[in-house]
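> Data file coords-v2.txt (compact mmCIF, C-alpha atoms) is appended below.
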# COMPACT_ATOMS: atom_id res chain seq x y z
CA MET A 987 -16.54 -28.88 -2.85
CA LYS A 988 -17.75 -27.53 0.48
CA ASN A 989 -15.34 -26.37 3.15
CA ARG A 990 -15.25 -25.09 6.74
CA LEU A 991 -12.44 -22.59 6.27
CA LYS A 992 -14.61 -19.60 7.14
CA VAL A 993 -15.87 -21.25 10.36
CA LEU A 994 -12.40 -22.36 11.41
CA ARG A 995 -11.04 -18.91 10.68
CA ALA A 996 -13.84 -17.25 12.65
CA GLU A 997 -13.21 -19.57 15.64
CA ARG A 998 -9.66 -18.20 15.79
CA ASP A 999 -10.81 -14.66 15.07
CA TRP A 1000 -8.53 -14.50 12.03
CA THR A 1001 -9.05 -12.25 9.03
CA GLN A 1002 -8.81 -13.59 5.49
CA ALA A 1003 -5.52 -11.71 5.19
CA ARG A 1004 -4.14 -13.48 8.26
CA LEU A 1005 -5.13 -16.92 6.93
CA ALA A 1006 -3.69 -15.99 3.54
CA ASP A 1007 -0.40 -15.11 5.24
CA GLU A 1008 -0.38 -18.41 7.13
CA LEU A 1009 -0.97 -20.40 3.94
CA GLU A 1010 1.27 -18.16 1.79
CA VAL A 1011 -1.43 -17.37 -0.76
CA SER A 1012 -3.26 -14.17 -1.68
CA ARG A 1013 -6.36 -12.95 0.19
CA GLN A 1014 -8.33 -13.32 -3.03
CA THR A 1015 -7.49 -17.04 -3.06
CA ILE A 1016 -8.81 -17.51 0.49
CA ASN A 1017 -11.98 -15.60 -0.43
CA ALA A 1018 -12.52 -17.72 -3.57
CA ILE A 1019 -11.99 -20.98 -1.62
CA GLU A 1020 -14.37 -19.92 1.18
CA LYS A 1021 -17.05 -19.03 -1.36
CA GLY A 1022 -16.59 -22.36 -3.15
CA LYS A 1023 -15.49 -20.67 -6.37
CA PHE A 1024 -12.08 -22.28 -6.35
CA ASP A 1025 -10.99 -25.73 -5.16
CA PRO A 1026 -7.50 -25.75 -3.63
CA SER A 1027 -4.82 -28.18 -4.75
CA LEU A 1028 -4.01 -31.18 -2.56
CA PRO A 1029 -0.78 -29.59 -1.21
CA LEU A 1030 -2.69 -26.44 -0.20
CA ALA A 1031 -5.48 -28.51 1.37
CA PHE A 1032 -2.85 -30.46 3.37
CA LYS A 1033 -1.25 -27.19 4.43
CA ALA A 1034 -4.62 -25.91 5.69
CA ALA A 1035 -5.23 -29.20 7.49
CA ARG A 1036 -1.81 -28.99 9.19
CA LEU A 1037 -2.45 -25.38 10.16
CA PHE A 1038 -5.78 -26.17 11.85
CA GLY A 1039 -4.59 -29.53 13.24
CA LEU A 1040 -7.40 -31.40 11.47
CA ALA A 1041 -7.76 -34.08 8.81
CA ILE A 1042 -8.40 -32.82 5.28
CA GLU A 1043 -11.90 -34.34 5.23
CA GLU A 1044 -12.76 -32.41 8.38
CA ILE A 1045 -12.21 -29.19 6.43
CA PHE A 1046 -13.14 -30.09 2.85
CA GLN A 1047 -16.14 -32.20 1.90
CA ASP A 1048 -17.00 -33.48 -1.54
CA GLU A 1049 -20.31 -32.29 -2.93
CA PRO A 1050 -22.20 -34.66 -5.24
CA GLN A 1051 -22.73 -33.12 -8.67
CA PRO A 1052 -26.43 -32.36 -9.40
CA MET B 1086 3.74 -14.67 15.25
CA ASN B 1087 7.24 -13.55 14.33
CA ASP B 1088 7.64 -16.71 12.29
CA LEU B 1089 4.35 -15.95 10.49
CA ASN B 1090 5.39 -12.37 9.75
CA THR B 1091 8.75 -13.49 8.44
CA ARG B 1092 7.19 -16.20 6.24
CA SER B 1093 4.40 -14.07 4.79
CA ASP B 1094 6.77 -11.12 4.39
CA SER B 1095 9.13 -13.33 2.48
CA TRP B 1096 6.35 -14.68 0.18
CA ALA B 1097 4.94 -11.20 -0.45
CA ARG B 1098 8.40 -9.68 -0.83
CA THR B 1099 9.42 -12.35 -3.34
CA ASN B 1100 6.27 -11.61 -5.36
CA VAL B 1101 6.93 -7.87 -5.35
CA LYS B 1102 10.54 -8.52 -6.33
CA ASN B 1103 9.48 -10.83 -9.18
CA THR B 1104 6.93 -8.29 -10.44
CA LEU B 1105 9.48 -5.47 -10.33
CA ARG B 1106 12.06 -7.64 -12.10
CA LEU B 1107 9.52 -8.41 -14.84
CA GLY B 1108 8.72 -4.69 -15.12
CA TYR B 1109 12.42 -3.81 -15.54
CA TRP B 1110 12.95 -6.51 -18.18
CA THR B 1111 9.82 -5.41 -20.06
CA ALA B 1112 10.97 -1.78 -20.01
CA ALA B 1113 14.43 -2.83 -21.19
CA TRP B 1114 12.91 -4.91 -24.00
CA LEU B 1115 10.75 -1.97 -25.12
CA ILE B 1116 13.74 0.38 -25.11
CA THR B 1117 15.90 -2.05 -27.11
CA MET B 1118 12.97 -2.59 -29.50
CA ALA B 1119 12.73 1.18 -30.01
CA LEU B 1120 16.51 1.33 -30.50
CA ALA B 1121 16.42 -1.44 -33.12
CA SER B 1122 13.47 0.22 -34.90
CA PHE B 1123 14.46 3.89 -34.81
CA GLY B 1124 18.26 3.64 -34.46
CA PRO B 1125 18.87 2.91 -38.17
CA VAL B 1126 16.79 5.97 -39.13
CA PHE B 1127 17.73 8.55 -36.50
CA ILE B 1128 21.08 7.51 -34.96
CA TRP B 1129 23.38 5.41 -37.16
CA GLN B 1130 22.03 6.09 -40.67
CA SER B 1131 21.26 2.49 -41.71
CA ASN B 1132 24.66 1.01 -40.78
CA LYS B 1133 23.95 -2.71 -41.23
CA LEU B 1134 26.37 -3.93 -38.55
CA LEU B 1135 24.91 -1.63 -35.88
CA THR B 1136 21.37 -2.51 -36.95
CA GLY B 1137 22.14 -6.23 -36.72
CA LEU B 1138 23.73 -5.79 -33.30
CA ALA B 1139 20.73 -3.78 -32.08
CA ILE B 1140 18.34 -6.50 -33.26
CA LEU B 1141 20.45 -9.24 -31.60
CA PHE B 1142 20.57 -7.20 -28.39
CA ASN B 1143 16.77 -6.81 -28.52
CA LEU B 1144 16.42 -10.57 -28.99
CA GLY B 1145 18.69 -11.28 -26.01
CA VAL B 1146 16.80 -8.87 -23.75
CA GLY B 1147 13.55 -10.46 -25.01
CA PHE B 1148 14.71 -13.85 -23.76
CA GLY B 1149 15.57 -12.24 -20.42
CA MET B 1150 12.02 -10.89 -20.26
CA ILE B 1151 10.61 -14.36 -20.98
CA MET B 1152 12.65 -15.86 -18.13
CA ALA B 1153 11.55 -13.04 -15.79
CA ASN B 1154 7.91 -13.72 -16.74
CA LYS B 1155 8.38 -17.44 -16.07
CA ARG B 1156 9.84 -16.71 -12.63
CA HIS B 1157 7.00 -14.25 -11.91
CA LEU B 1158 4.37 -16.87 -12.83
CA LYS B 1159 6.04 -19.55 -10.71
CA GLY B 1160 5.98 -17.22 -7.71
CA LEU B 1161 2.21 -16.65 -7.89
CA ASP B 1162 -0.23 -18.73 -5.85
CA GLU B 1163 -2.39 -21.38 -7.51
CA LEU B 1164 -5.46 -19.19 -8.12
CA GLN B 1165 -3.33 -16.38 -9.54
CA GLN B 1166 -1.62 -18.91 -11.82
CA LYS B 1167 -5.02 -20.20 -12.96
CA ILE B 1168 -6.15 -16.63 -13.75
CA GLN B 1169 -2.97 -16.04 -15.76
CA LEU B 1170 -3.36 -19.38 -17.56
CA GLU B 1171 -6.96 -18.63 -18.57
CA ALA B 1172 -6.04 -15.13 -19.79
CA MET B 1173 -3.01 -16.37 -21.74
CA ALA B 1174 -4.99 -19.24 -23.28
CA LEU B 1175 -7.66 -16.77 -24.42
CA SER B 1176 -5.04 -14.37 -25.79
CA LEU B 1177 -3.18 -17.15 -27.64
CA GLY B 1178 -6.39 -18.60 -29.10
CA VAL B 1179 -7.75 -15.26 -30.25
CA GLY B 1180 -4.32 -14.27 -31.59
CA LEU B 1181 -3.99 -17.48 -33.61
CA VAL B 1182 -7.53 -17.60 -35.01
CA VAL B 1183 -8.00 -13.87 -35.68
CA GLY B 1184 -4.36 -13.45 -36.79
CA LEU B 1185 -4.61 -16.14 -39.47
CA CYS B 1186 -8.03 -14.89 -40.55
CA TYR B 1187 -6.63 -11.34 -40.81
CA SER B 1188 -3.70 -12.63 -42.87
CA SER B 1189 -6.10 -14.48 -45.20
CA LEU B 1190 -8.11 -11.28 -45.69
CA ASP B 1191 -4.89 -9.47 -46.62
CA ILE B 1192 -3.63 -12.20 -48.98
CA SER B 1193 -6.98 -12.39 -50.78
CA ASN B 1194 -7.10 -8.57 -50.99
CA LEU B 1195 -10.43 -8.42 -49.22
CA ILE B 1196 -9.04 -5.58 -47.09
CA SER B 1197 -7.50 -2.50 -48.65
CA PHE B 1198 -4.59 -2.17 -46.18
CA ASP B 1199 -1.68 -4.43 -45.14
CA ALA B 1200 -2.12 -6.78 -42.16
CA GLU B 1201 0.54 -5.52 -39.75
CA ILE B 1202 2.04 -7.68 -36.97
CA SER B 1203 1.56 -4.72 -34.60
CA HIS B 1204 -2.23 -5.04 -35.00
CA LEU B 1205 -1.97 -8.64 -33.81
CA VAL B 1206 0.20 -7.66 -30.84
CA ILE B 1207 -2.34 -4.99 -29.82
CA LEU B 1208 -5.22 -7.48 -30.17
CA MET B 1209 -3.41 -10.10 -28.07
CA GLY B 1210 -2.52 -7.51 -25.42
CA LEU B 1211 -6.10 -6.29 -25.16
CA THR B 1212 -7.47 -9.85 -25.08
CA TYR B 1213 -5.01 -10.81 -22.33
CA PHE B 1214 -5.97 -7.72 -20.32
CA ALA B 1215 -9.70 -8.47 -20.73
CA GLY B 1216 -9.07 -12.13 -19.79
CA VAL B 1217 -7.32 -11.15 -16.55
CA LEU B 1218 -10.14 -8.74 -15.64
CA VAL B 1219 -12.89 -11.30 -16.36
CA SER B 1220 -11.10 -14.05 -14.40
CA HIS B 1221 -10.50 -11.74 -11.44
CA ARG B 1222 -14.22 -10.94 -11.36
CA LYS B 1223 -15.12 -14.62 -11.70
CA TYR B 1224 -13.14 -15.56 -8.58
CA GLN B 1225 -14.09 -12.54 -6.47
Now that the file is in, can you turn its structure into structure tokens?

Amino acid sequence: MKNRLKVLRAERDWTQARLADELEVSRQTINAIEKGKFDPSLPLAFKAARLFGLAIEEIFQDEPQP
Amino acid sequence: MNDLNTRSDSWARTNVKNTLRLGYWTAAWLITMALASFGPVFIWQSNKLLTGLAILFNLGVGFGMIMANKRHLKGLDELQQKIQLEAMALSLGVGLVVGLCYSSLDISNLISFDAEISHLVILMGLTYFAGVLVSHRKYQ
């Protein structure tokens, strides 16, 4: 799953630690999501969408399996 | 901003508190385990009542440690929980498979020494530790 977390974070000039604080997760979790190594749960994706004022699909996009 | 600080502080503080609580329960369990193991030899000269009470006390503190671990796990975020789950699954699997194999070796006298439960505990501890390290690296 692709996501725009890093871009959205950079637009607000936030660090990973700041975003982690906002979403109440660890910085490692934000890093893993940004790198596509970990897909967040639906509640966490909704939380991120609420935080950025966007729809979930504007942040997370499905990637077809090769 | 103040709201953010309060919220994140509270999440982080709860995690620290849960970790410390688990540490205290684990230390207490180890101390009561030592008391139940060495007390009959060095303190109360094999008094059965005191030995039984020490073992029951150790069991009670053990359950407290389990509850503290459960609370600690519930307080972690979803990636941290996944890391713990993978490490515990590995530890349980290795413990079960190698433990039974080790027991079979002992029963069939293919090894010259007794299969001790402490060997299994050490193996499971090391496997869990390795599992946590590998998972942390995987999600870095």
> What is the atom CA of B:Arg1156-atom CA of B:Leu1144 distance in Å, reported with one decimal?
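These atoms are spaced 18.7 Å apart.
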> Dump as JSON lines the rows for residues of chain A within 7 Å of chain B: closest atom pair and distance in Å with one decimal, all atoms listed in the file counted, ordered by chain and rising residue number.

{"residue": "A:Asp1007", "atom": "CA", "partner": "B:Ser1093", "partner_atom": "CA", "distance": 4.9}
{"residue": "A:Glu1008", "atom": "CA", "partner": "B:Leu1089", "partner_atom": "CA", "distance": 6.3}
{"residue": "A:Glu1010", "atom": "CA", "partner": "B:Ser1093", "partner_atom": "CA", "distance": 6.0}
{"residue": "A:Val1011", "atom": "CA", "partner": "B:Asp1162", "partner_atom": "CA", "distance": 5.4}
{"residue": "A:Ser1012", "atom": "CA", "partner": "B:Asp1162", "partner_atom": "CA", "distance": 6.9}
{"residue": "A:Gln1014", "atom": "CA", "partner": "B:Gln1225", "partner_atom": "CA", "distance": 6.8}
{"residue": "A:Thr1015", "atom": "CA", "partner": "B:Leu1164", "partner_atom": "CA", "distance": 5.9}
{"residue": "A:Ala1018", "atom": "CA", "partner": "B:Tyr1224", "partner_atom": "CA", "distance": 5.5}
{"residue": "A:Lys1023", "atom": "CA", "partner": "B:Tyr1224", "partner_atom": "CA", "distance": 6.0}
> Sorted by chain and rising residue number, which residues of stretch 1128-1152 of chain B lie within 7 Å of stretch 1101-1121 of chain B, and what are their closest atom pairs and distances in Å to one decimal, counting only C-alpha atoms, as a Markdown table?

| residue | atom | partner | partner_atom | distance |
| --- | --- | --- | --- | --- |
| B:Thr1136 | CA | B:Ala1121 | CA | 6.3 |
| B:Ala1139 | CA | B:Ala1121 | CA | 5.0 |
| B:Ile1140 | CA | B:Ala1121 | CA | 5.4 |
| B:Asn1143 | CA | B:Thr1117 | CA | 5.0 |
| B:Val1146 | CA | B:Trp1114 | CA | 5.6 |
| B:Gly1147 | CA | B:Trp1114 | CA | 5.7 |
| B:Gly1149 | CA | B:Trp1110 | CA | 6.7 |
| B:Met1150 | CA | B:Trp1110 | CA | 4.9 |
> Selected residues, C-alpha atoms, written as a PDB file, keeping the file's coordinate frame, please.

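Written out: result10.pdb:
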ATOM      1  CA  THR B1136      21.370  -2.510 -36.950  1.00  0.00           C
ATOM      2  CA  ALA B1139      20.730  -3.780 -32.080  1.00  0.00           C
ATOM      3  CA  ILE B1140      18.340  -6.500 -33.260  1.00  0.00           C
ATOM      4  CA  ASN B1143      16.770  -6.810 -28.520  1.00  0.00           C
ATOM      5  CA  VAL B1146      16.800  -8.870 -23.750  1.00  0.00           C
ATOM      6  CA  GLY B1147      13.550 -10.460 -25.010  1.00  0.00           C
ATOM      7  CA  GLY B1149      15.570 -12.240 -20.420  1.00  0.00           C
ATOM      8  CA  MET B1150      12.020 -10.890 -20.260  1.00  0.00           C
TER       9      MET B1150
END
> With only C-alpha atoms as the counted atoms, please give the residues lying no more than 8 Å from A:Arg1013, apart from itself and same-chain residues fewer than 3 positions off, as a list in words.
Gln1002, Ala1003, Leu1005, Ala1006, Ile1016 and Asn1017 of chain A
> Work out how far apart atom CA of B:Thr1099 and atom CA of A:Lys992 are and give it in Å to one decimal.
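Computing the Euclidean distance for atom CA of B:Thr1099 and atom CA of A:Lys992 yields 27.2 Å.
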> Which of these residues is nearest to B:Leu1177, using only C-alpha atoms: B:Thr1212, B:Ser1220, B:Ser1131, B:Ser1122?
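Of B:Thr1212, B:Ser1220, B:Ser1131, B:Ser1122, the one nearest B:Leu1177 is B:Thr1212, counting only C-alpha atoms.
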> Set the distance at 12 Å and use only C-alpha atoms: which residues neighbour B:Cys1186 once local chain neighbours fewer than 4 positions away are removed? I'd like the list as a list in words.
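Here the answer would be Val1179, Gly1180, Leu1181, Val1182, Leu1190, Asp1191, Ile1192, Ser1193, Leu1195, Ile1196, Ala1200 and Leu1205 of chain B.
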> Separation of atom CA of A:Gln1047 and atom CA of B:Arg1222, in Å?
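Distance between the two atoms: 25.1 Å.
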> Do you know which residues are at most 9 Å from A:Glu1020 counting all atoms listed in the file, after dropping those on the same chain fewer than 6 positions away, and could you put them as a list in words?
Lys988, Asn989, Arg990, Leu991 and Lys992 of chain A
> What lies within 10 Å of B:Leu1208 using only C-alpha atoms, ignoring chain neighbours under 4 positions off, as a ChimeraX atom specification?
/B:1176,1179-1180,1183-1184,1202-1204,1212-1214
> Could you turn the residues from that selection into a file that holds C-alpha atoms, as a PDB file, in the frame of the given file?

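result32.pdb, freshly written:
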ATOM      1  CA  SER B1176      -5.040 -14.370 -25.790  1.00  0.00           C
ATOM      2  CA  VAL B1179      -7.750 -15.260 -30.250  1.00  0.00           C
ATOM      3  CA  GLY B1180      -4.320 -14.270 -31.590  1.00  0.00           C
ATOM      4  CA  VAL B1183      -8.000 -13.870 -35.680  1.00  0.00           C
ATOM      5  CA  GLY B1184      -4.360 -13.450 -36.790  1.00  0.00           C
ATOM      6  CA  ILE B1202       2.040  -7.680 -36.970  1.00  0.00           C
ATOM      7  CA  SER B1203       1.560  -4.720 -34.600  1.00  0.00           C
ATOM      8  CA  HIS B1204      -2.230  -5.040 -35.000  1.00  0.00           C
ATOM      9  CA  THR B1212      -7.470  -9.850 -25.080  1.00  0.00           C
ATOM     10  CA  TYR B1213      -5.010 -10.810 -22.330  1.00  0.00           C
ATOM     11  CA  PHE B1214      -5.970  -7.720 -20.320  1.00  0.00           C
TER      12      PHE B1214
END
> Would you mind telling me which residue in B:Met1209, B:Leu1175, B:Val1126, B:Ile1168 lies nearest to A:Phe1024 when using only C-alpha atoms?
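Smallest separation from A:Phe1024 among the options: B:Ile1168.
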> Using the file's own x, y and z axes, what box holds all listed atoms of stretch 1031-1039 of chain A with 5 Å on each side, keeping edges along x, y and z, and what are its centre and edge lengths in Å to one decimal, as lines of an AutoDock Vina configuration file?

center_x = -3.5
center_y = -27.9
center_z = 7.3
size_x = 14.5
size_y = 15.1
size_z = 21.9
> If we count only C-alpha atoms and set the cut-off at 12 Å, which residues sit around stretch 1040-1043 of chain A, ignoring sequence neighbours fewer than 3 positions away in its own chain? Please answer as an MDAnalysis selection string.
chainID A and resid 987:991 994 1026:1037 1046:1049
> With the input short on atoms, add N, CA, C and O atoms back to stretch 1160-1183 of chain B and write it as a short mmCIF file (atom, residue, chain, number, x, y, z; two decimals), in the coordinates of the input.

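For reference, part.cif as written:
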data_model
loop_
_atom_site.label_atom_id
_atom_site.label_comp_id
_atom_site.auth_asym_id
_atom_site.auth_seq_id
_atom_site.Cartn_x
_atom_site.Cartn_y
_atom_site.Cartn_z
N GLY B 1160 6.08 -17.78 -9.06
CA GLY B 1160 5.98 -17.22 -7.71
C GLY B 1160 4.55 -16.94 -7.27
O GLY B 1160 4.29 -16.72 -6.10
N LEU B 1161 3.61 -16.95 -8.22
CA LEU B 1161 2.21 -16.65 -7.89
C LEU B 1161 1.57 -17.84 -7.18
O LEU B 1161 2.04 -18.97 -7.29
N ASP B 1162 0.46 -17.59 -6.47
CA ASP B 1162 -0.23 -18.73 -5.85
C ASP B 1162 -1.09 -19.42 -6.90
O ASP B 1162 -1.20 -18.97 -8.05
N GLU B 1163 -1.73 -20.54 -6.50
CA GLU B 1163 -2.39 -21.38 -7.51
C GLU B 1163 -3.58 -20.71 -8.19
O GLU B 1163 -3.80 -20.93 -9.38
N LEU B 1164 -4.32 -19.89 -7.47
CA LEU B 1164 -5.46 -19.19 -8.12
C LEU B 1164 -4.94 -18.13 -9.10
O LEU B 1164 -5.45 -17.99 -10.22
N GLN B 1165 -3.91 -17.40 -8.65
CA GLN B 1165 -3.33 -16.38 -9.54
C GLN B 1165 -2.77 -17.03 -10.81
O GLN B 1165 -2.89 -16.49 -11.91
N GLN B 1166 -2.16 -18.20 -10.65
CA GLN B 1166 -1.62 -18.91 -11.82
C GLN B 1166 -2.75 -19.34 -12.75
O GLN B 1166 -2.62 -19.26 -13.97
N LYS B 1167 -3.87 -19.78 -12.15
CA LYS B 1167 -5.02 -20.20 -12.96
C LYS B 1167 -5.57 -19.00 -13.75
O LYS B 1167 -5.91 -19.12 -14.93
N ILE B 1168 -5.66 -17.85 -13.09
CA ILE B 1168 -6.15 -16.63 -13.75
C ILE B 1168 -5.24 -16.28 -14.94
O ILE B 1168 -5.70 -15.98 -16.03
N GLN B 1169 -3.93 -16.36 -14.69
CA GLN B 1169 -2.97 -16.04 -15.76
C GLN B 1169 -3.09 -17.06 -16.90
O GLN B 1169 -3.05 -16.69 -18.08
N LEU B 1170 -3.24 -18.33 -16.54
CA LEU B 1170 -3.36 -19.38 -17.56
C LEU B 1170 -4.59 -19.16 -18.44
O LEU B 1170 -4.51 -19.24 -19.68
N GLU B 1171 -5.73 -18.85 -17.80
CA GLU B 1171 -6.96 -18.63 -18.57
C GLU B 1171 -6.81 -17.42 -19.50
O GLU B 1171 -7.23 -17.47 -20.66
N ALA B 1172 -6.20 -16.34 -18.97
CA ALA B 1172 -6.04 -15.13 -19.79
C ALA B 1172 -5.08 -15.38 -20.94
O ALA B 1172 -5.33 -14.95 -22.08
N MET B 1173 -3.99 -16.11 -20.68
CA MET B 1173 -3.01 -16.37 -21.74
C MET B 1173 -3.57 -17.32 -22.78
O MET B 1173 -3.29 -17.18 -23.98
N ALA B 1174 -4.37 -18.30 -22.34
CA ALA B 1174 -4.99 -19.24 -23.28
C ALA B 1174 -5.95 -18.48 -24.21
O ALA B 1174 -5.97 -18.71 -25.42
N LEU B 1175 -6.72 -17.57 -23.63
CA LEU B 1175 -7.66 -16.77 -24.42
C LEU B 1175 -6.89 -15.91 -25.43
O LEU B 1175 -7.24 -15.85 -26.62
N SER B 1176 -5.84 -15.27 -24.94
CA SER B 1176 -5.04 -14.37 -25.79
C SER B 1176 -4.39 -15.15 -26.93
O SER B 1176 -4.40 -14.72 -28.09
N LEU B 1177 -3.83 -16.32 -26.61
CA LEU B 1177 -3.18 -17.15 -27.64
C LEU B 1177 -4.20 -17.63 -28.68
O LEU B 1177 -3.96 -17.56 -29.89
N GLY B 1178 -5.35 -18.10 -28.20
CA GLY B 1178 -6.39 -18.60 -29.10
C GLY B 1178 -6.91 -17.52 -30.02
O GLY B 1178 -6.97 -17.71 -31.25
N VAL B 1179 -7.24 -16.38 -29.43
CA VAL B 1179 -7.75 -15.26 -30.25
C VAL B 1179 -6.67 -14.79 -31.22
O VAL B 1179 -6.95 -14.54 -32.40
N GLY B 1180 -5.43 -14.71 -30.74
CA GLY B 1180 -4.32 -14.27 -31.59
C GLY B 1180 -4.14 -15.19 -32.79
O GLY B 1180 -3.96 -14.73 -33.92
N LEU B 1181 -4.19 -16.49 -32.53
CA LEU B 1181 -3.99 -17.48 -33.61
C LEU B 1181 -5.14 -17.43 -34.62
O LEU B 1181 -4.91 -17.28 -35.83
N VAL B 1182 -6.36 -17.52 -34.11
CA VAL B 1182 -7.53 -17.60 -35.01
C VAL B 1182 -7.73 -16.29 -35.78
O VAL B 1182 -7.82 -16.27 -37.01
N VAL B 1183 -7.77 -15.17 -35.03
CA VAL B 1183 -8.00 -13.87 -35.68
C VAL B 1183 -6.79 -13.47 -36.53
O VAL B 1183 -6.95 -12.93 -37.63
#
